[in-house]
>>> print(open('upload.pdb').read())   # PDB, C-alpha atoms and all ligand atoms
ATOM      1  CA  MET T   1    -190.267 158.693 -32.166
ATOM      2  CA  SER T   2    -192.541 160.498 -29.795
ATOM      3  CA  GLN T   3    -192.840 159.569 -26.152
ATOM      4  CA  VAL T   4    -195.994 157.903 -24.885
ATOM      5  CA  ASN T   5    -197.703 160.709 -23.050
ATOM      6  CA  ASN T   6    -199.462 159.563 -19.907
ATOM      7  CA  GLU T   7    -201.161 162.942 -19.549
ATOM      8  CA  LYS T   8    -203.221 162.256 -22.653
ATOM      9  CA  ALA T   9    -205.428 159.849 -20.754
ATOM     10  CA  THR T  10    -207.974 162.172 -19.190
ATOM     11  CA  ASN T  11    -211.599 161.515 -18.301
ATOM     12  CA  GLU T  12    -212.791 163.096 -21.529
ATOM     13  CA  MET T  13    -210.784 160.743 -23.647
ATOM     14  CA  PRO T  14    -212.410 157.774 -25.383
ATOM     15  CA  LYS T  15    -210.596 154.498 -24.909
ATOM     16  CA  PRO T  16    -207.794 154.686 -27.450
ATOM     17  CA  ASP T  17    -206.414 151.724 -29.270
ATOM     18  CA  ASN T  18    -202.995 150.583 -28.326
ATOM     19  CA  GLN T  19    -200.597 150.857 -31.212
ATOM     20  CA  ILE T  20    -197.953 148.261 -30.627
ATOM     21  CA  GLY T  21    -195.481 147.746 -33.435
ATOM     22  CA  HIS T  22    -194.012 144.394 -32.428
ATOM     23  CA  VAL T  23    -194.311 141.950 -29.571
ATOM     24  CA  VAL T  24    -191.307 139.841 -28.608
ATOM     25  CA  ALA T  25    -191.529 137.341 -25.762
ATOM     26  CA  VAL T  26    -188.749 135.873 -23.670
ATOM     27  CA  MET T  27    -189.239 132.213 -22.768
ATOM     28  CA  SER T  28    -187.345 129.603 -20.780
ATOM     29  CA  GLY T  29    -187.639 125.909 -20.139
ATOM     30  CA  LYS T  30    -187.527 126.536 -16.417
ATOM     31  CA  GLY T  31    -187.218 129.317 -13.849
ATOM     32  CA  GLY T  32    -184.043 130.876 -12.523
ATOM     33  CA  VAL T  33    -182.056 130.876 -15.757
ATOM     34  CA  GLY T  34    -182.221 134.642 -16.192
ATOM     35  CA  LYS T  35    -185.364 135.082 -18.280
ATOM     36  CA  SER T  36    -186.372 138.301 -16.537
ATOM     37  CA  SER T  37    -182.820 139.648 -16.674
ATOM     38  CA  ILE T  38    -182.684 138.992 -20.428
ATOM     39  CA  THR T  39    -186.103 140.651 -20.831
ATOM     40  CA  GLY T  40    -184.640 143.650 -19.004
ATOM     41  CA  LEU T  41    -181.483 143.703 -21.146
ATOM     42  CA  LEU T  42    -183.491 143.507 -24.367
ATOM     43  CA  ALA T  43    -185.893 146.273 -23.344
ATOM     44  CA  THR T  44    -183.011 148.478 -22.191
ATOM     45  CA  SER T  45    -181.017 148.029 -25.386
ATOM     46  CA  LEU T  46    -184.044 148.663 -27.626
ATOM     47  CA  ALA T  47    -184.789 151.850 -25.668
ATOM     48  CA  LYS T  48    -181.146 152.929 -26.084
ATOM     49  CA  GLU T  49    -181.560 152.496 -29.838
ATOM     50  CA  GLY T  50    -184.309 155.101 -29.619
ATOM     51  CA  TYR T  51    -187.372 152.878 -29.770
ATOM     52  CA  LYS T  52    -190.460 153.307 -27.620
ATOM     53  CA  VAL T  53    -190.482 150.217 -25.452
ATOM     54  CA  GLY T  54    -192.855 148.536 -23.050
ATOM     55  CA  VAL T  55    -192.295 145.525 -20.811
ATOM     56  CA  MET T  56    -195.178 143.280 -19.856
ATOM     57  CA  ASP T  57    -194.404 141.085 -16.878
ATOM     58  CA  ALA T  58    -196.546 138.044 -17.613
ATOM     59  CA  ASP T  59    -194.887 136.013 -14.857
ATOM     60  CA  ILE T  60    -197.822 136.590 -12.514
ATOM     61  CA  THR T  61    -196.649 134.412  -9.640
ATOM     62  CA  GLY T  62    -192.939 135.280  -9.899
ATOM     63  CA  PRO T  63    -192.873 138.885 -11.042
ATOM     64  CA  SER T  64    -189.472 140.549 -10.975
ATOM     65  CA  ILE T  65    -189.602 143.193 -13.700
ATOM     66  CA  PRO T  66    -190.470 146.160 -11.420
ATOM     67  CA  LYS T  67    -187.543 145.293  -9.138
ATOM     68  CA  LEU T  68    -185.063 145.101 -12.043
ATOM     69  CA  PHE T  69    -186.042 148.589 -13.161
ATOM     70  CA  GLY T  70    -186.519 150.045  -9.677
ATOM     71  CA  VAL T  71    -190.162 150.842 -10.394
ATOM     72  CA  LYS T  72    -192.388 151.039  -7.327
ATOM     73  CA  GLU T  73    -195.197 153.405  -8.223
ATOM     74  CA  LYS T  74    -198.671 152.054  -8.737
ATOM     75  CA  PRO T  75    -200.118 152.315 -12.230
ATOM     76  CA  GLU T  76    -202.416 155.307 -12.549
ATOM     77  CA  MET T  77    -205.917 154.402 -13.559
ATOM     78  CA  SER T  78    -207.456 156.106 -16.554
ATOM     79  CA  PRO T  79    -210.619 155.495 -18.596
ATOM     80  CA  ALA T  80    -208.310 154.071 -21.232
ATOM     81  CA  GLY T  81    -207.016 151.473 -18.793
ATOM     82  CA  PRO T  82    -204.183 151.292 -16.261
ATOM     83  CA  LEU T  83    -201.148 153.326 -17.340
ATOM     84  CA  PRO T  84    -197.776 151.591 -17.080
ATOM     85  CA  PRO T  85    -195.322 153.554 -14.934
ATOM     86  CA  LYS T  86    -192.112 154.633 -16.641
ATOM     87  CA  THR T  87    -188.556 153.710 -15.758
ATOM     88  CA  VAL T  88    -185.718 156.248 -15.568
ATOM     89  CA  THR T  89    -185.009 155.852 -19.278
ATOM     90  CA  GLY T  90    -188.673 155.989 -20.269
ATOM     91  CA  ILE T  91    -189.512 152.295 -20.618
ATOM     92  CA  ASN T  92    -193.172 151.566 -19.884
ATOM     93  CA  VAL T  93    -193.452 148.782 -17.347
ATOM     94  CA  MET T  94    -196.489 146.816 -16.283
ATOM     95  CA  SER T  95    -196.471 144.038 -13.754
ATOM     96  CA  PHE T  96    -199.126 142.407 -11.695
ATOM     97  CA  ASN T  97    -196.916 143.116  -8.712
ATOM     98  CA  LEU T  98    -197.521 146.838  -9.138
ATOM     99  CA  LEU T  99    -201.219 146.224  -8.586
ATOM    100  CA  LEU T 100    -200.757 144.377  -5.288
ATOM    101  CA  PRO T 101    -201.049 146.290  -1.975
ATOM    102  CA  ASN T 102    -197.524 145.144  -0.969
ATOM    103  CA  GLU T 103    -194.780 144.046  -3.340
ATOM    104  CA  ASP T 104    -194.110 140.917  -1.286
ATOM    105  CA  ASP T 105    -197.744 139.772  -1.247
ATOM    106  CA  PRO T 106    -197.958 136.373  -2.940
ATOM    107  CA  VAL T 107    -200.406 135.637  -5.729
ATOM    108  CA  ILE T 108    -202.018 132.388  -4.655
ATOM    109  CA  TRP T 109    -204.089 131.460  -7.636
ATOM    110  CA  ARG T 110    -204.851 128.459  -9.721
ATOM    111  CA  GLY T 111    -204.281 128.207 -13.457
ATOM    112  CA  PRO T 112    -207.567 129.615 -14.823
ATOM    113  CA  LEU T 113    -207.331 132.775 -12.705
ATOM    114  CA  ILE T 114    -203.752 133.333 -13.792
ATOM    115  CA  GLY T 115    -204.743 132.810 -17.406
ATOM    116  CA  GLY T 116    -207.531 135.355 -16.941
ATOM    117  CA  ALA T 117    -205.150 137.888 -15.423
ATOM    118  CA  ILE T 118    -202.709 137.507 -18.300
ATOM    119  CA  LYS T 119    -205.459 137.983 -20.876
ATOM    120  CA  GLN T 120    -206.738 141.059 -19.050
ATOM    121  CA  PHE T 121    -203.227 142.428 -18.931
ATOM    122  CA  TRP T 122    -203.019 142.160 -22.660
ATOM    123  CA  GLU T 123    -206.477 143.592 -23.295
ATOM    124  CA  ASP T 124    -206.791 146.301 -20.668
ATOM    125  CA  ILE T 125    -203.445 148.024 -20.227
ATOM    126  CA  TYR T 126    -203.132 151.354 -21.973
ATOM    127  CA  TRP T 127    -199.706 151.132 -23.584
ATOM    128  CA  GLY T 128    -200.396 153.866 -26.106
ATOM    129  CA  GLU T 129    -197.926 153.844 -28.939
ATOM    130  CA  LEU T 130    -194.997 151.444 -28.687
ATOM    131  CA  ASP T 131    -192.397 150.241 -31.168
ATOM    132  CA  TYR T 132    -191.638 147.101 -29.166
ATOM    133  CA  LEU T 133    -193.375 145.337 -26.336
ATOM    134  CA  VAL T 134    -191.148 142.789 -24.604
ATOM    135  CA  VAL T 135    -193.012 140.104 -22.662
ATOM    136  CA  ASP T 136    -191.459 138.248 -19.735
ATOM    137  CA  LEU T 137    -193.247 134.897 -19.987
ATOM    138  CA  PRO T 138    -193.971 132.628 -17.039
ATOM    139  CA  PRO T 139    -191.284 129.903 -16.877
ATOM    140  CA  GLY T 140    -191.658 126.468 -18.359
ATOM    141  CA  THR T 141    -194.004 124.978 -20.900
ATOM    142  CA  GLY T 142    -197.143 124.715 -18.762
ATOM    143  CA  ASP T 143    -200.508 126.452 -18.605
ATOM    144  CA  ALA T 144    -199.409 130.008 -17.947
ATOM    145  CA  PRO T 145    -196.882 130.406 -20.788
ATOM    146  CA  LEU T 146    -199.321 128.577 -23.052
ATOM    147  CA  THR T 147    -201.992 131.201 -22.305
ATOM    148  CA  VAL T 148    -199.654 133.999 -23.336
ATOM    149  CA  LEU T 149    -198.522 132.220 -26.481
ATOM    150  CA  GLN T 150    -202.174 131.743 -27.418
ATOM    151  CA  SER T 151    -203.602 135.114 -26.475
ATOM    152  CA  VAL T 152    -200.876 137.598 -27.352
ATOM    153  CA  PRO T 153    -199.959 138.106 -31.020
ATOM    154  CA  LEU T 154    -196.236 137.472 -30.826
ATOM    155  CA  ASP T 155    -193.823 138.389 -33.594
ATOM    156  CA  GLY T 156    -191.150 136.175 -32.158
ATOM    157  CA  ILE T 157    -189.599 134.659 -29.069
ATOM    158  CA  ILE T 158    -186.151 134.489 -27.556
ATOM    159  CA  ILE T 159    -185.461 131.293 -25.625
ATOM    160  CA  VAL T 160    -183.172 131.617 -22.624
ATOM    161  CA  THR T 161    -181.299 128.713 -21.202
ATOM    162  CA  SER T 162    -178.351 127.968 -18.975
ATOM    163  CA  PRO T 163    -175.938 125.041 -19.208
ATOM    164  CA  GLN T 164    -177.508 123.040 -16.375
ATOM    165  CA  ASP T 165    -180.966 123.709 -17.755
ATOM    166  CA  LEU T 166    -179.973 122.133 -21.046
ATOM    167  CA  ALA T 167    -178.952 118.904 -19.371
ATOM    168  CA  ASN T 168    -182.623 118.366 -18.607
ATOM    169  CA  MET T 169    -183.644 118.911 -22.200
ATOM    170  CA  VAL T 170    -186.226 121.421 -21.075
ATOM    171  CA  VAL T 171    -185.022 123.946 -23.599
ATOM    172  CA  ARG T 172    -185.823 121.526 -26.385
ATOM    173  CA  LYS T 173    -189.297 121.173 -24.921
ATOM    174  CA  ALA T 174    -189.662 124.951 -25.177
ATOM    175  CA  VAL T 175    -188.447 124.914 -28.779
ATOM    176  CA  LYS T 176    -190.911 122.159 -29.657
ATOM    177  CA  MET T 177    -193.767 123.980 -27.952
ATOM    178  CA  ALA T 178    -193.064 127.158 -29.928
ATOM    179  CA  ASN T 179    -192.779 125.121 -33.119
ATOM    180  CA  LYS T 180    -196.098 123.393 -32.539
ATOM    181  CA  MET T 181    -197.725 126.771 -32.095
ATOM    182  CA  ASN T 182    -196.052 128.191 -35.200
ATOM    183  CA  ILE T 183    -194.266 130.888 -33.246
ATOM    184  CA  ASN T 184    -191.191 132.385 -34.784
ATOM    185  CA  ILE T 185    -188.089 131.565 -32.734
ATOM    186  CA  ILE T 186    -185.665 134.464 -33.138
ATOM    187  CA  GLY T 187    -182.897 132.564 -31.389
ATOM    188  CA  LEU T 188    -181.466 131.231 -28.173
ATOM    189  CA  VAL T 189    -179.466 132.913 -25.465
ATOM    190  CA  GLU T 190    -177.286 130.861 -23.180
ATOM    191  CA  ASN T 191    -177.036 132.676 -19.872
ATOM    192  CA  MET T 192    -174.654 131.969 -16.976
ATOM    193  CA  SER T 193    -172.454 130.186 -19.543
ATOM    194  CA  TYR T 194    -169.177 130.732 -17.765
ATOM    195  CA  LEU T 195    -167.360 132.785 -15.178
ATOM    196  CA  GLU T 196    -164.308 134.768 -16.090
ATOM    197  CA  CYS T 197    -161.654 134.808 -13.381
ATOM    198  CA  PRO T 198    -161.127 138.485 -12.495
ATOM    199  CA  ASP T 199    -157.414 137.819 -11.795
ATOM    200  CA  CYS T 200    -156.243 135.650 -14.698
ATOM    201  CA  GLY T 201    -159.121 135.963 -17.200
ATOM    202  CA  LYS T 202    -159.558 132.179 -17.386
ATOM    203  CA  LYS T 203    -163.061 131.047 -18.325
ATOM    204  CA  ILE T 204    -164.605 128.607 -15.872
ATOM    205  CA  ASN T 205    -167.612 126.544 -16.967
ATOM    206  CA  VAL T 206    -169.369 126.618 -13.606
ATOM    207  CA  PHE T 207    -172.284 124.496 -14.779
ATOM    208  CA  GLY T 208    -170.251 122.155 -16.929
ATOM    209  CA  PRO T 209    -169.632 122.108 -20.667
ATOM    210  CA  ASP T 210    -172.308 123.419 -22.978
ATOM    211  CA  LYS T 211    -172.565 120.388 -25.225
ATOM    212  CA  ALA T 212    -176.321 120.340 -25.133
ATOM    213  CA  ILE T 213    -176.734 123.768 -26.680
ATOM    214  CA  GLU T 214    -174.964 122.463 -29.749
ATOM    215  CA  GLU T 215    -177.709 119.879 -30.050
ATOM    216  CA  THR T 216    -180.292 122.605 -29.826
ATOM    217  CA  GLU T 217    -178.392 124.494 -32.498
ATOM    218  CA  LYS T 218    -178.716 121.403 -34.657
ATOM    219  CA  MET T 219    -182.490 121.913 -34.459
ATOM    220  CA  GLY T 220    -181.821 124.962 -36.605
ATOM    221  CA  TYR T 221    -181.938 127.822 -34.138
ATOM    222  CA  PRO T 222    -178.984 130.121 -33.687
ATOM    223  CA  VAL T 223    -177.400 130.763 -30.327
ATOM    224  CA  LEU T 224    -177.315 134.537 -30.439
ATOM    225  CA  ALA T 225    -175.215 135.051 -27.316
ATOM    226  CA  LYS T 226    -173.437 133.220 -24.545
ATOM    227  CA  LEU T 227    -173.516 135.461 -21.512
ATOM    228  CA  PRO T 228    -171.151 135.149 -18.555
ATOM    229  CA  LEU T 229    -172.027 135.058 -14.897
ATOM    230  CA  ASP T 230    -171.506 138.670 -13.925
ATOM    231  CA  GLN T 231    -171.605 139.677 -10.284
ATOM    232  CA  GLY T 232    -171.870 143.387 -11.024
ATOM    233  CA  PHE T 233    -174.863 142.733 -13.264
ATOM    234  CA  ALA T 234    -176.665 140.737 -10.569
ATOM    235  CA  GLU T 235    -175.996 143.558  -8.098
ATOM    236  CA  ALA T 236    -177.231 146.226 -10.505
ATOM    237  CA  CYS T 237    -180.420 144.189 -11.047
ATOM    238  CA  ASP T 238    -180.910 143.902  -7.298
ATOM    239  CA  ARG T 239    -180.550 147.671  -6.959
ATOM    240  CA  GLY T 240    -183.121 148.217  -9.690
ATOM    241  CA  GLU T 241    -180.485 149.752 -11.947
ATOM    242  CA  ILE T 242    -180.350 147.398 -14.916
ATOM    243  CA  GLU T 243    -180.577 150.390 -17.272
ATOM    244  CA  LYS T 244    -177.431 151.959 -15.818
ATOM    245  CA  TYR T 245    -175.253 148.847 -16.037
ATOM    246  CA  LYS T 246    -172.358 149.090 -18.466
ATOM    247  CA  GLY T 247    -170.412 145.836 -17.924
ATOM    248  CA  ASP T 248    -169.222 143.292 -20.425
ATOM    249  CA  ILE T 249    -172.548 141.450 -20.456
ATOM    250  CA  VAL T 250    -174.218 144.412 -22.184
ATOM    251  CA  GLU T 251    -171.756 144.226 -25.063
ATOM    252  CA  LYS T 252    -172.083 140.442 -25.271
ATOM    253  CA  PHE T 253    -175.862 140.875 -25.462
ATOM    254  CA  ALA T 254    -175.684 143.218 -28.485
ATOM    255  CA  PRO T 255    -176.096 140.448 -31.141
ATOM    256  CA  VAL T 256    -179.475 139.557 -29.597
ATOM    257  CA  THR T 257    -180.825 143.078 -30.058
ATOM    258  CA  LYS T 258    -179.365 143.173 -33.544
ATOM    259  CA  GLU T 259    -181.146 139.957 -34.499
ATOM    260  CA  VAL T 260    -184.448 141.149 -33.019
ATOM    261  CA  LEU T 261    -184.205 144.366 -35.032
ATOM    262  CA  ALA T 262    -183.225 142.448 -38.161
ATOM    263  CA  THR T 263    -185.974 139.815 -38.022
ATOM    264  CA  VAL T 264    -188.858 141.598 -36.312
ATOM    265  CA  LYS T 265    -189.487 144.798 -38.230
TER     266      LYS T 265
HETATM  267  N1  LIG R   1    -175.574 136.544 -16.279
HETATM  268  C1  LIG R   1    -175.839 136.678 -14.983
HETATM  269  N2  LIG R   1    -174.847 136.932 -14.101
HETATM  270  C2  LIG R   1    -175.112 137.034 -12.778
HETATM  271  N3  LIG R   1    -176.338 136.919 -12.242
HETATM  272  C3  LIG R   1    -177.361 136.674 -13.066
HETATM  273  C4  LIG R   1    -177.182 136.550 -14.484
HETATM  274  N4  LIG R   1    -178.393 136.309 -15.049
HETATM  275  C5  LIG R   1    -179.285 136.306 -14.035
HETATM  276  N5  LIG R   1    -178.676 136.524 -12.853
HETATM  277  C6  LIG R   1    -179.275 136.539 -11.520
HETATM  278  O1  LIG R   1    -179.882 135.270 -11.312
HETATM  279  C7  LIG R   1    -181.130 135.386 -10.648
HETATM  280  C8  LIG R   1    -182.229 134.789 -11.517
HETATM  281  O2  LIG R   1    -182.385 135.567 -12.691
HETATM  282  P1  LIG R   1    -183.824 135.953 -13.254
HETATM  283  O3  LIG R   1    -183.611 136.840 -14.427
HETATM  284  O4  LIG R   1    -184.698 136.479 -12.161
HETATM  285  O5  LIG R   1    -184.306 134.503 -13.723
HETATM  286  P2  LIG R   1    -185.743 133.958 -14.199
HETATM  287  O6  LIG R   1    -186.555 135.130 -14.624
HETATM  288  O7  LIG R   1    -185.424 133.012 -15.304
HETATM  289  O8  LIG R   1    -186.316 133.254 -13.012
HETATM  290  C9  LIG R   1    -181.302 136.883 -10.384
HETATM  291  O9  LIG R   1    -180.884 137.152  -9.081
HETATM  292  C10 LIG R   1    -180.396 137.546 -11.405
HETATM  293  O10 LIG R   1    -179.917 138.799 -10.968
HETATM  294 MG    MG R   2    -188.301 135.881 -13.762
END
>>> encode(input="upload.pdb", output="structure tokens", more="lines below")
Ligand SMILES: Nc1ncnc2c1ncn2[C@@H]1O[C@H](COP(=O)(O)OP(=O)(O)O)[C@@H](O)[C@H]1O
Ligand SMILES: [Mg+2]
Amino acid sequence: MSQVNNEKATNEMPKPDNQIGHVVAVMSGKGGVGKSSITGLLATSLAKEGYKVGVMDADITGPSIPKLFGVKEKPEMSPAGPLPPKTVTGINVMSFNLLLPNEDDPVIWRGPLIGGAIKQFWEDIYWGELDYLVVDLPPGTGDAPLTVLQSVPLDGIIIVTSPQDLANMVVRKAVKMANKMNINIIGLVENMSYLECPDCGKKINVFGPDKAIEETEKMGYPVLAKLPLDQGFAEACDRGEIEKYKGDIVEKFAPVTKEVLATVK
């Protein structure tokens, strides 16, 4: 698998076609459940398996992908389109945040503009050749995720939830939305499922029991992983070092990558 070579995009070059093998999106019923973190874990693990990976941060108003990967550089412009900067392990990352003058500038836009930006992202970015593009969707089941589901040819989605999220049935809304749009649901990931006491190893269900996920399972979608609350992981993400993190959560995430590779090929 050759690396995507940014140097190829010179002025002489005609606009090349992106060659993207598969597109997998990460969705959630609501924000704050770890959708971006799961996007980061999936991209990292696919890259470790030797695949050429890109991450498209489609969460225009709440972008956090560059921070997770510690990417700060602005995309270089080329006739072929903006070039996604690369992370330390060679993942191609594109986020609207990288195009803003300051990373903490807010994007104060209404729906149609956001939809337009997402479409342009999909059409204009020069990804080159990728095996997998992982898309961090905007949270929820509103306008912005709908735009992505409609305009990007997805091979499948992973739905992320947390125990307290499930209580509100929002995850089932997400499942129904994907179903209505005939999008292949690869499976669910329950994040922040429990906390393991570092002293005695006891599992504490911080957000209560996970009864509701069983109901979602009854809808016919497998729960691929139940991930613990992991302080070290949160800290690594804050430092922009998600790719370096080697804690338990990485191992617990492995079945998700396995299922993606098994079903989207
Ligand atoms: N399993 C976890 N253990 C500890 N912290 C987590 C875990 N998953 C996510 N976080 C933290 O929770 C916050 C929200 O996660 P994020 O991935 O940004 O959510 P979303 O994209 O759904 O809004 C972040 O600070 C992240 O580092
Ligand atoms: Mg996010």
>>> closest_atom_pairs(input="upload.pdb", of="region 17-83 of chain T", to="region 237-258 of chain T", cutoff="6 Å", atoms="only C-alpha atoms", output="Markdown table")
| residue | atom | partner | partner_atom | distance |
| --- | --- | --- | --- | --- |
| T:Thr44 | CA | T:Glu243 | CA | 5.8 |
| T:Lys67 | CA | T:Gly240 | CA | 5.3 |
| T:Leu68 | CA | T:Gly240 | CA | 4.4 |
| T:Phe69 | CA | T:Gly240 | CA | 4.6 |
| T:Gly70 | CA | T:Gly240 | CA | 3.9 |
>>> atom_distance(input="upload.pdb", atom1="CA of Val160 (chain T)", atom2="CA of Val189 (chain T)")
4.8 Å
>>> residues_near_ligand(input="upload.pdb", ligand="ligand LIG 1 (chain R)", cutoff="8 Å", atoms="only C-alpha atoms and all ligand atoms", output="PDB file with C-alpha atoms, in the coordinates of the input")
ATOM      1  CA  SER T  28    -187.345 129.603 -20.780  1.00  0.00           C
ATOM      2  CA  LYS T  30    -187.527 126.536 -16.417  1.00  0.00           C
ATOM      3  CA  GLY T  31    -187.218 129.317 -13.849  1.00  0.00           C
ATOM      4  CA  GLY T  32    -184.043 130.876 -12.523  1.00  0.00           C
ATOM      5  CA  VAL T  33    -182.056 130.876 -15.757  1.00  0.00           C
ATOM      6  CA  GLY T  34    -182.221 134.642 -16.192  1.00  0.00           C
ATOM      7  CA  LYS T  35    -185.364 135.082 -18.280  1.00  0.00           C
ATOM      8  CA  SER T  36    -186.372 138.301 -16.537  1.00  0.00           C
ATOM      9  CA  SER T  37    -182.820 139.648 -16.674  1.00  0.00           C
ATOM     10  CA  ILE T  38    -182.684 138.992 -20.428  1.00  0.00           C
ATOM     11  CA  THR T  39    -186.103 140.651 -20.831  1.00  0.00           C
ATOM     12  CA  GLY T  62    -192.939 135.280  -9.899  1.00  0.00           C
ATOM     13  CA  SER T  64    -189.472 140.549 -10.975  1.00  0.00           C
ATOM     14  CA  ASP T 136    -191.459 138.248 -19.735  1.00  0.00           C
ATOM     15  CA  PRO T 139    -191.284 129.903 -16.877  1.00  0.00           C
ATOM     16  CA  VAL T 160    -183.172 131.617 -22.624  1.00  0.00           C
ATOM     17  CA  ASN T 191    -177.036 132.676 -19.872  1.00  0.00           C
ATOM     18  CA  MET T 192    -174.654 131.969 -16.976  1.00  0.00           C
ATOM     19  CA  SER T 193    -172.454 130.186 -19.543  1.00  0.00           C
ATOM     20  CA  LEU T 227    -173.516 135.461 -21.512  1.00  0.00           C
ATOM     21  CA  PRO T 228    -171.151 135.149 -18.555  1.00  0.00           C
ATOM     22  CA  LEU T 229    -172.027 135.058 -14.897  1.00  0.00           C
ATOM     23  CA  ASP T 230    -171.506 138.670 -13.925  1.00  0.00           C
ATOM     24  CA  GLN T 231    -171.605 139.677 -10.284  1.00  0.00           C
ATOM     25  CA  GLY T 232    -171.870 143.387 -11.024  1.00  0.00           C
ATOM     26  CA  PHE T 233    -174.863 142.733 -13.264  1.00  0.00           C
ATOM     27  CA  ALA T 234    -176.665 140.737 -10.569  1.00  0.00           C
ATOM     28  CA  GLU T 235    -175.996 143.558  -8.098  1.00  0.00           C
ATOM     29  CA  ALA T 236    -177.231 146.226 -10.505  1.00  0.00           C
ATOM     30  CA  CYS T 237    -180.420 144.189 -11.047  1.00  0.00           C
ATOM     31  CA  ASP T 238    -180.910 143.902  -7.298  1.00  0.00           C
ATOM     32  CA  ILE T 249    -172.548 141.450 -20.456  1.00  0.00           C
TER      33      ILE T 249
END
>>> closest_residue(input="upload.pdb", among="T:Gly54, T:Pro138, T:Pro163, T:Gly128", to="ligand MG 2 (chain R)", atoms="only C-alpha atoms and all ligand atoms")
T:Pro138
>>> resolve_selection(input="upload.pdb", expression="the PyMOL selection byres (((chain T and resi 119) around 10) and not hetatm)", output="PyMOL selection string")
chain T and resi 58+113-118+120-124+147-148+150-152
>>> closest_residue(input="upload.pdb", among="T:Lys202, T:Asp104, T:Ile60, T:Ala43", to="Leu137 (chain T)", atoms="all atoms listed in the file")
T:Ile60
>>> residues_near_point(input="upload.pdb", point="(-196.2, 148.8, -31.9)", cutoff="12 Å", atoms="all atoms listed in the file", output="PyMOL selection string")
chain T and resi 1+4+17-24+51-54+127-134+153-155+264-265
>>> resolve_selection(input="upload.pdb", expression="the PyMOL selection byres (((chain T and resi 97) around 12) and not hetatm)", output="JSON list (two decimals) with C-alpha atoms, in the coordinates of the input")
[["chain", "number", "residue", "atom", "x", "y", "z"],
["T", 56, "MET", "CA", -195.18, 143.28, -19.86],
["T", 57, "ASP", "CA", -194.40, 141.08, -16.88],
["T", 58, "ALA", "CA", -196.55, 138.04, -17.61],
["T", 59, "ASP", "CA", -194.89, 136.01, -14.86],
["T", 60, "ILE", "CA", -197.82, 136.59, -12.51],
["T", 61, "THR", "CA", -196.65, 134.41, -9.64],
["T", 62, "GLY", "CA", -192.94, 135.28, -9.90],
["T", 63, "PRO", "CA", -192.87, 138.88, -11.04],
["T", 64, "SER", "CA", -189.47, 140.55, -10.98],
["T", 65, "ILE", "CA", -189.60, 143.19, -13.70],
["T", 66, "PRO", "CA", -190.47, 146.16, -11.42],
["T", 67, "LYS", "CA", -187.54, 145.29, -9.14],
["T", 71, "VAL", "CA", -190.16, 150.84, -10.39],
["T", 72, "LYS", "CA", -192.39, 151.04, -7.33],
["T", 73, "GLU", "CA", -195.20, 153.40, -8.22],
["T", 74, "LYS", "CA", -198.67, 152.05, -8.74],
["T", 75, "PRO", "CA", -200.12, 152.32, -12.23],
["T", 84, "PRO", "CA", -197.78, 151.59, -17.08],
["T", 93, "VAL", "CA", -193.45, 148.78, -17.35],
["T", 94, "MET", "CA", -196.49, 146.82, -16.28],
["T", 95, "SER", "CA", -196.47, 144.04, -13.75],
["T", 96, "PHE", "CA", -199.13, 142.41, -11.70],
["T", 98, "LEU", "CA", -197.52, 146.84, -9.14],
["T", 99, "LEU", "CA", -201.22, 146.22, -8.59],
["T", 100, "LEU", "CA", -200.76, 144.38, -5.29],
["T", 101, "PRO", "CA", -201.05, 146.29, -1.98],
["T", 102, "ASN", "CA", -197.52, 145.14, -0.97],
["T", 103, "GLU", "CA", -194.78, 144.05, -3.34],
["T", 104, "ASP", "CA", -194.11, 140.92, -1.29],
["T", 105, "ASP", "CA", -197.74, 139.77, -1.25],
["T", 106, "PRO", "CA", -197.96, 136.37, -2.94],
["T", 107, "VAL", "CA", -200.41, 135.64, -5.73],
["T", 117, "ALA", "CA", -205.15, 137.89, -15.42]]
>>> atom_distance(input="upload.pdb", atom1="CA of Ile204 (chain T)", atom2="CA of Leu224 (chain T)")
20.2 Å
>>> closest_residue(input="upload.pdb", among="T:Ile183, T:Val88, T:Val135, T:Ala262", to="ligand MG 2 (chain R)", atoms="all atoms listed in the file")
T:Val135
>>> closest_residue(input="upload.pdb", among="T:Leu261, T:Asp199, T:Ile186, T:Tyr126", to="Ser78 (chain T)", atoms="all atoms listed in the file")
T:Tyr126
>>> build_atoms(input="upload.pdb", residues="region 171-177 of chain T", atoms="N, CA and C atoms", output="PDB file, in the coordinates of the input")
ATOM      1  N   VAL T 171    -185.043 122.913 -22.567  1.00  0.00           N
ATOM      2  CA  VAL T 171    -185.022 123.946 -23.599  1.00  0.00           C
ATOM      3  C   VAL T 171    -185.568 123.391 -24.905  1.00  0.00           C
ATOM      4  N   ARG T 172    -185.295 122.099 -25.150  1.00  0.00           N
ATOM      5  CA  ARG T 172    -185.823 121.526 -26.385  1.00  0.00           C
ATOM      6  C   ARG T 172    -187.349 121.380 -26.319  1.00  0.00           C
ATOM      7  N   LYS T 173    -187.837 121.177 -25.100  1.00  0.00           N
ATOM      8  CA  LYS T 173    -189.297 121.173 -24.921  1.00  0.00           C
ATOM      9  C   LYS T 173    -189.867 122.538 -25.324  1.00  0.00           C
ATOM     10  N   ALA T 174    -189.188 123.593 -24.870  1.00  0.00           N
ATOM     11  CA  ALA T 174    -189.662 124.951 -25.177  1.00  0.00           C
ATOM     12  C   ALA T 174    -189.634 125.196 -26.678  1.00  0.00           C
ATOM     13  N   VAL T 175    -188.564 124.748 -27.326  1.00  0.00           N
ATOM     14  CA  VAL T 175    -188.447 124.914 -28.779  1.00  0.00           C
ATOM     15  C   VAL T 175    -189.592 124.184 -29.477  1.00  0.00           C
ATOM     16  N   LYS T 176    -189.853 122.953 -29.021  1.00  0.00           N
ATOM     17  CA  LYS T 176    -190.911 122.159 -29.657  1.00  0.00           C
ATOM     18  C   LYS T 176    -192.287 122.786 -29.444  1.00  0.00           C
ATOM     19  N   MET T 177    -192.486 123.331 -28.247  1.00  0.00           N
ATOM     20  CA  MET T 177    -193.767 123.980 -27.952  1.00  0.00           C
ATOM     21  C   MET T 177    -193.980 125.168 -28.894  1.00  0.00           C
TER      22      MET T 177
END
